[in-house]
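Take a look at the structure set out below.
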Amino acid sequence: MVIKHRQYSGPDDFALVGDFLISVYRPGNKDGNWLQPTWEYMHSHPNLDESSLSKIRIWEESDEIVAVVNYESTLGEVFFQTHPKHTHLKQDMLDYAETHLYGETETGNRFVRAFVNDFDIELETLVQSRGYEMAGKYTRPISEFLIPQQFPPVELLEGFHIKSLADDNDLMKIHRVLWRGFDHAGEPPEEGIEWRKKMQSTPNFRKDLTIVVEAPSGDFVSFSGTWYESVNKIAYVEPVATDPDYRRMGLGKAAVLEGVRRCGALGATVAYVGSDMKFYQAMGFTKNFDSNCWIKHF
Ligand SMILES: CC(C)(COP(=O)(O)OP(=O)(O)OC[C@H]1O[C@@H](n2cnc3c(N)ncnc32)[C@H](O)[C@@H]1OP(=O)(O)O)[C@@H](O)C(=O)NCCC(=O)NCCS
């Protein structure tokens, strides 16, 4: 069979790549590819460089996608999505990435940050043979939480309330909790409201699965986005943040668990998060693997 590769273009390919990721998923994310919600979240993120999306490359056999090489936010990041029968394509994918998906430093030097799962010895050997070096600070862990059928009650401090955006989609309050929760000082810039609208713009975004904790002041002080992928019955947690003035009060935990609980009620059996922070471990997430970052300057 002839395998061809082509440019990524537009909404049709957004859906086709998402379907491909759903089809190659294996329990425990053992396939090592991105989850479909990761792909979707990328497209809803305010930091996405949309001007370079056409540099994402798709490999096809008989018009069926068998591999995709992509960045997440900006050029220079390289992620490999492959059908298990086509892992040999990774060499071609890396060749393509080095000539089209590279990033540039402020001084104009090209670089590639290739993300390689810690169990993918074939790809690790390939990047090492090409002079890439591991950059530990960019490691992306994947952790999972097995959703119990009898979900324990989600506990919350008195005076605080759990809501979803289906109850109250106050964009200014959402903007504030995400701005402050991701450690930006002070009050958020007003134009950032557009970013929050964008985060709600993709097809599987669900207000009822996007959880906030409301403080007695009426402010939203913790936020947990949850995504449900109904084919593989998985939940995906992103983004999560608590206002620095309200940390270590159990609010982040309550928001995450409420989103996961709701996905469980829809049929999800497992939740994933791209982190191995103690915060997630403390509520029962365990790490599956690391996606290591291998960097090369050209
Ligand atoms: C991570 C974050 C969401 C935690 O929110 P939080 O509301 O303070 O967390 P909780 O109070 O619910 O913490 C529950 C438990 O998680 C663990 N935990 C939370 N933060 C922790 C920290 N900084 N260090 C170690 N353990 C931590 C503790 O076991 C804690 O229980 P305890 O306070 O009784 O010891 C918050 O620190 C934050 O917004 N950070 C910046 C954004 C971020 O990193 N988001 C996650 C990206 S994946």
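Here's how to read the names in the structure tokens: chain A, B, ... by the order shown, residue numbers from 1 in each chain, ligand numbers from 1 in the order shown.
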
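The residues sitting within 7 Å of ligand 1, with only C-alpha atoms and all ligand atoms considered, come out as A:Gly181, A:Phe182, A:Asp183, A:Ser222, A:Glu238, A:Pro239, A:Val240, A:Ala241, A:Thr242, A:Asp243, A:Pro244, A:Tyr246, A:Arg247, A:Arg248, A:Met249, A:Gly250, A:Leu251, A:Gly252, A:Lys253, A:Ala254, A:Gly274, A:Ser275, A:Lys278, A:Phe279, A:Tyr280, A:Ala282, A:Met283.
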
Write a file of the just-selected residues containing C-alpha atoms, as a tab-separated table (two decimals), in the first residue's frame.
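Saved result, again.tsv, follows:
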chain	number	residue	atom	x	y	z
A	181	GLY	CA	-4.92	30.75	39.22
A	182	PHE	CA	-2.10	30.52	36.68
A	183	ASP	CA	-0.11	32.91	38.84
A	222	SER	CA	-11.04	27.32	41.65
A	238	GLU	CA	-7.54	20.38	31.84
A	239	PRO	CA	-7.11	23.19	32.80
A	240	VAL	CA	-7.03	23.28	36.61
A	241	ALA	CA	-6.20	26.28	38.78
A	242	THR	CA	-6.99	27.77	42.17
A	243	ASP	CA	-6.65	31.46	43.05
A	244	PRO	CA	-3.46	31.83	45.17
A	246	TYR	CA	-7.55	30.22	48.30
A	247	ARG	CA	-5.00	27.42	47.93
A	248	ARG	CA	-4.63	24.40	50.23
A	249	MET	CA	-8.27	24.59	51.23
A	250	GLY	CA	-9.31	21.49	49.26
A	251	LEU	CA	-11.03	23.55	46.55
A	252	GLY	CA	-8.94	22.36	43.60
A	253	LYS	CA	-9.42	18.76	44.68
A	254	ALA	CA	-13.17	19.26	44.96
A	274	GLY	CA	-1.08	15.62	31.83
A	275	SER	CA	0.71	16.01	35.15
A	278	LYS	CA	1.52	15.88	44.23
A	279	PHE	CA	-1.87	17.57	44.02
A	280	TYR	CA	-3.09	14.87	41.60
A	282	ALA	CA	-2.94	13.06	46.66
A	283	MET	CA	-6.40	12.48	45.17

Original post:
Counting only C-alpha atoms, what is within 9 Å of range 10-14 of chain A, bar same-chain residues fewer than 3 positions away, as a PyMOL selection string?
Top reply: chain A and resi 17-19+39-40+43+53-54+58

Using only C-alpha atoms, which residues of range 70-168 of chain A come within 10 Å of range 284-298 of chain A, and what is the closest atom pair for each, with the distance in Å to one decimal? Give it as JSON lines, sorted by chain and residue number.
{"residue": "A:Gly76", "atom": "CA", "partner": "A:Ile295", "partner_atom": "CA", "distance": 9.3}
{"residue": "A:Glu77", "atom": "CA", "partner": "A:Cys293", "partner_atom": "CA", "distance": 8.9}
{"residue": "A:Val78", "atom": "CA", "partner": "A:Cys293", "partner_atom": "CA", "distance": 9.1}
{"residue": "A:Phe79", "atom": "CA", "partner": "A:Ser291", "partner_atom": "CA", "distance": 9.5}
{"residue": "A:Glu98", "atom": "CA", "partner": "A:Phe298", "partner_atom": "CA", "distance": 8.9}
{"residue": "A:Tyr102", "atom": "CA", "partner": "A:Phe298", "partner_atom": "CA", "distance": 9.3}
{"residue": "A:Gly103", "atom": "CA", "partner": "A:His297", "partner_atom": "CA", "distance": 9.5}
{"residue": "A:Glu104", "atom": "CA", "partner": "A:His297", "partner_atom": "CA", "distance": 9.3}
{"residue": "A:Thr105", "atom": "CA", "partner": "A:His297", "partner_atom": "CA", "distance": 9.5}
{"residue": "A:Asn109", "atom": "CA", "partner": "A:Phe298", "partner_atom": "CA", "distance": 6.9}
{"residue": "A:Arg110", "atom": "CA", "partner": "A:Phe298", "partner_atom": "CA", "distance": 5.3}
{"residue": "A:Phe111", "atom": "CA", "partner": "A:His297", "partner_atom": "CA", "distance": 4.3}
{"residue": "A:Val112", "atom": "CA", "partner": "A:Lys296", "partner_atom": "CA", "distance": 5.5}
{"residue": "A:Arg113", "atom": "CA", "partner": "A:Ile295", "partner_atom": "CA", "distance": 4.4}
{"residue": "A:Ala114", "atom": "CA", "partner": "A:Trp294", "partner_atom": "CA", "distance": 5.1}
{"residue": "A:Phe115", "atom": "CA", "partner": "A:Cys293", "partner_atom": "CA", "distance": 4.5}
{"residue": "A:Val116", "atom": "CA", "partner": "A:Asn292", "partner_atom": "CA", "distance": 5.2}
{"residue": "A:Asn117", "atom": "CA", "partner": "A:Ser291", "partner_atom": "CA", "distance": 4.1}
{"residue": "A:Asp118", "atom": "CA", "partner": "A:Asp290", "partner_atom": "CA", "distance": 5.6}
{"residue": "A:Phe119", "atom": "CA", "partner": "A:Phe289", "partner_atom": "CA", "distance": 7.7}
{"residue": "A:Asp120", "atom": "CA", "partner": "A:Ser291", "partner_atom": "CA", "distance": 9.4}
{"residue": "A:Glu124", "atom": "CA", "partner": "A:Trp294", "partner_atom": "CA", "distance": 8.5}
{"residue": "A:Val127", "atom": "CA", "partner": "A:Trp294", "partner_atom": "CA", "distance": 7.3}
{"residue": "A:Gln128", "atom": "CA", "partner": "A:Trp294", "partner_atom": "CA", "distance": 8.3}
{"residue": "A:Arg130", "atom": "CA", "partner": "A:Lys296", "partner_atom": "CA", "distance": 8.5}
{"residue": "A:Gly131", "atom": "CA", "partner": "A:Lys296", "partner_atom": "CA", "distance": 6.7}
{"residue": "A:Tyr132", "atom": "CA", "partner": "A:Lys296", "partner_atom": "CA", "distance": 4.7}
{"residue": "A:Glu133", "atom": "CA", "partner": "A:Trp294", "partner_atom": "CA", "distance": 5.1}
{"residue": "A:Met134", "atom": "CA", "partner": "A:Trp294", "partner_atom": "CA", "distance": 4.3}
{"residue": "A:Ala135", "atom": "CA", "partner": "A:Cys293", "partner_atom": "CA", "distance": 5.5}
{"residue": "A:Gly136", "atom": "CA", "partner": "A:Cys293", "partner_atom": "CA", "distance": 6.7}
{"residue": "A:Lys137", "atom": "CA", "partner": "A:Cys293", "partner_atom": "CA", "distance": 8.1}
{"residue": "A:Tyr138", "atom": "CA", "partner": "A:Cys293", "partner_atom": "CA", "distance": 5.7}
{"residue": "A:Thr139", "atom": "CA", "partner": "A:Asn292", "partner_atom": "CA", "distance": 4.7}
{"residue": "A:Arg140", "atom": "CA", "partner": "A:Ser291", "partner_atom": "CA", "distance": 4.9}
{"residue": "A:Pro141", "atom": "CA", "partner": "A:Asp290", "partner_atom": "CA", "distance": 4.1}
{"residue": "A:Ile142", "atom": "CA", "partner": "A:Phe289", "partner_atom": "CA", "distance": 5.6}
{"residue": "A:Ser143", "atom": "CA", "partner": "A:Lys287", "partner_atom": "CA", "distance": 4.0}
{"residue": "A:Glu144", "atom": "CA", "partner": "A:Phe285", "partner_atom": "CA", "distance": 5.1}
{"residue": "A:Phe145", "atom": "CA", "partner": "A:Phe285", "partner_atom": "CA", "distance": 4.5}
{"residue": "A:Leu146", "atom": "CA", "partner": "A:Phe285", "partner_atom": "CA", "distance": 7.8}
{"residue": "A:Ile147", "atom": "CA", "partner": "A:Gly284", "partner_atom": "CA", "distance": 9.7}

Subject >> Selection near Met172 in chain A, 9 Å with only C-alpha atoms, sequence-local residues under 4 positions removed, as a PyMOL selection string >> reply: chain A and resi 176-177+188+190+192-193+196

Those residues you just picked out, can you put them in a file as a CSV table (one decimal), in the first residue's frame with C-alpha atoms?
chain,number,residue,atom,x,y,z
A,176,ARG,CA,-10.2,36.1,36.8
A,177,VAL,CA,-9.9,32.6,38.3
A,188,PRO,CA,-6.9,40.3,34.6
A,190,GLU,CA,-10.3,43.0,30.0
A,192,GLY,CA,-8.7,38.5,27.8
A,193,ILE,CA,-12.4,37.8,27.8
A,196,ARG,CA,-12.2,32.6,27.5

Could you list, with a cut-off of 8 Å and counting only C-alpha atoms, the residues of range 209-277 of chain A near range 152-165 of chain A, each shown with its nearest atom pair and the distance in Å rounded to one decimal, rows sorted by chain and ascending number, as a Markdown table?
| residue | atom | partner | partner_atom | distance |
| --- | --- | --- | --- | --- |
| A:Leu209 | CA | A:Ser164 | CA | 6.5 |
| A:Thr210 | CA | A:Ser164 | CA | 5.4 |
| A:Ile211 | CA | A:Ser164 | CA | 4.4 |
| A:Val212 | CA | A:Lys163 | CA | 5.4 |
| A:Val213 | CA | A:Ile162 | CA | 4.7 |
| A:Glu214 | CA | A:His161 | CA | 5.1 |
| A:Ala215 | CA | A:Phe160 | CA | 4.8 |
| A:Pro216 | CA | A:Gly159 | CA | 5.5 |
| A:Met249 | CA | A:Leu157 | CA | 7.5 |
| A:Gly250 | CA | A:Leu156 | CA | 6.9 |
| A:Leu251 | CA | A:Leu156 | CA | 6.7 |
| A:Ala254 | CA | A:Val154 | CA | 5.8 |
| A:Ala255 | CA | A:Ile162 | CA | 7.1 |
| A:Leu257 | CA | A:Val154 | CA | 6.7 |
| A:Glu258 | CA | A:Val154 | CA | 6.4 |
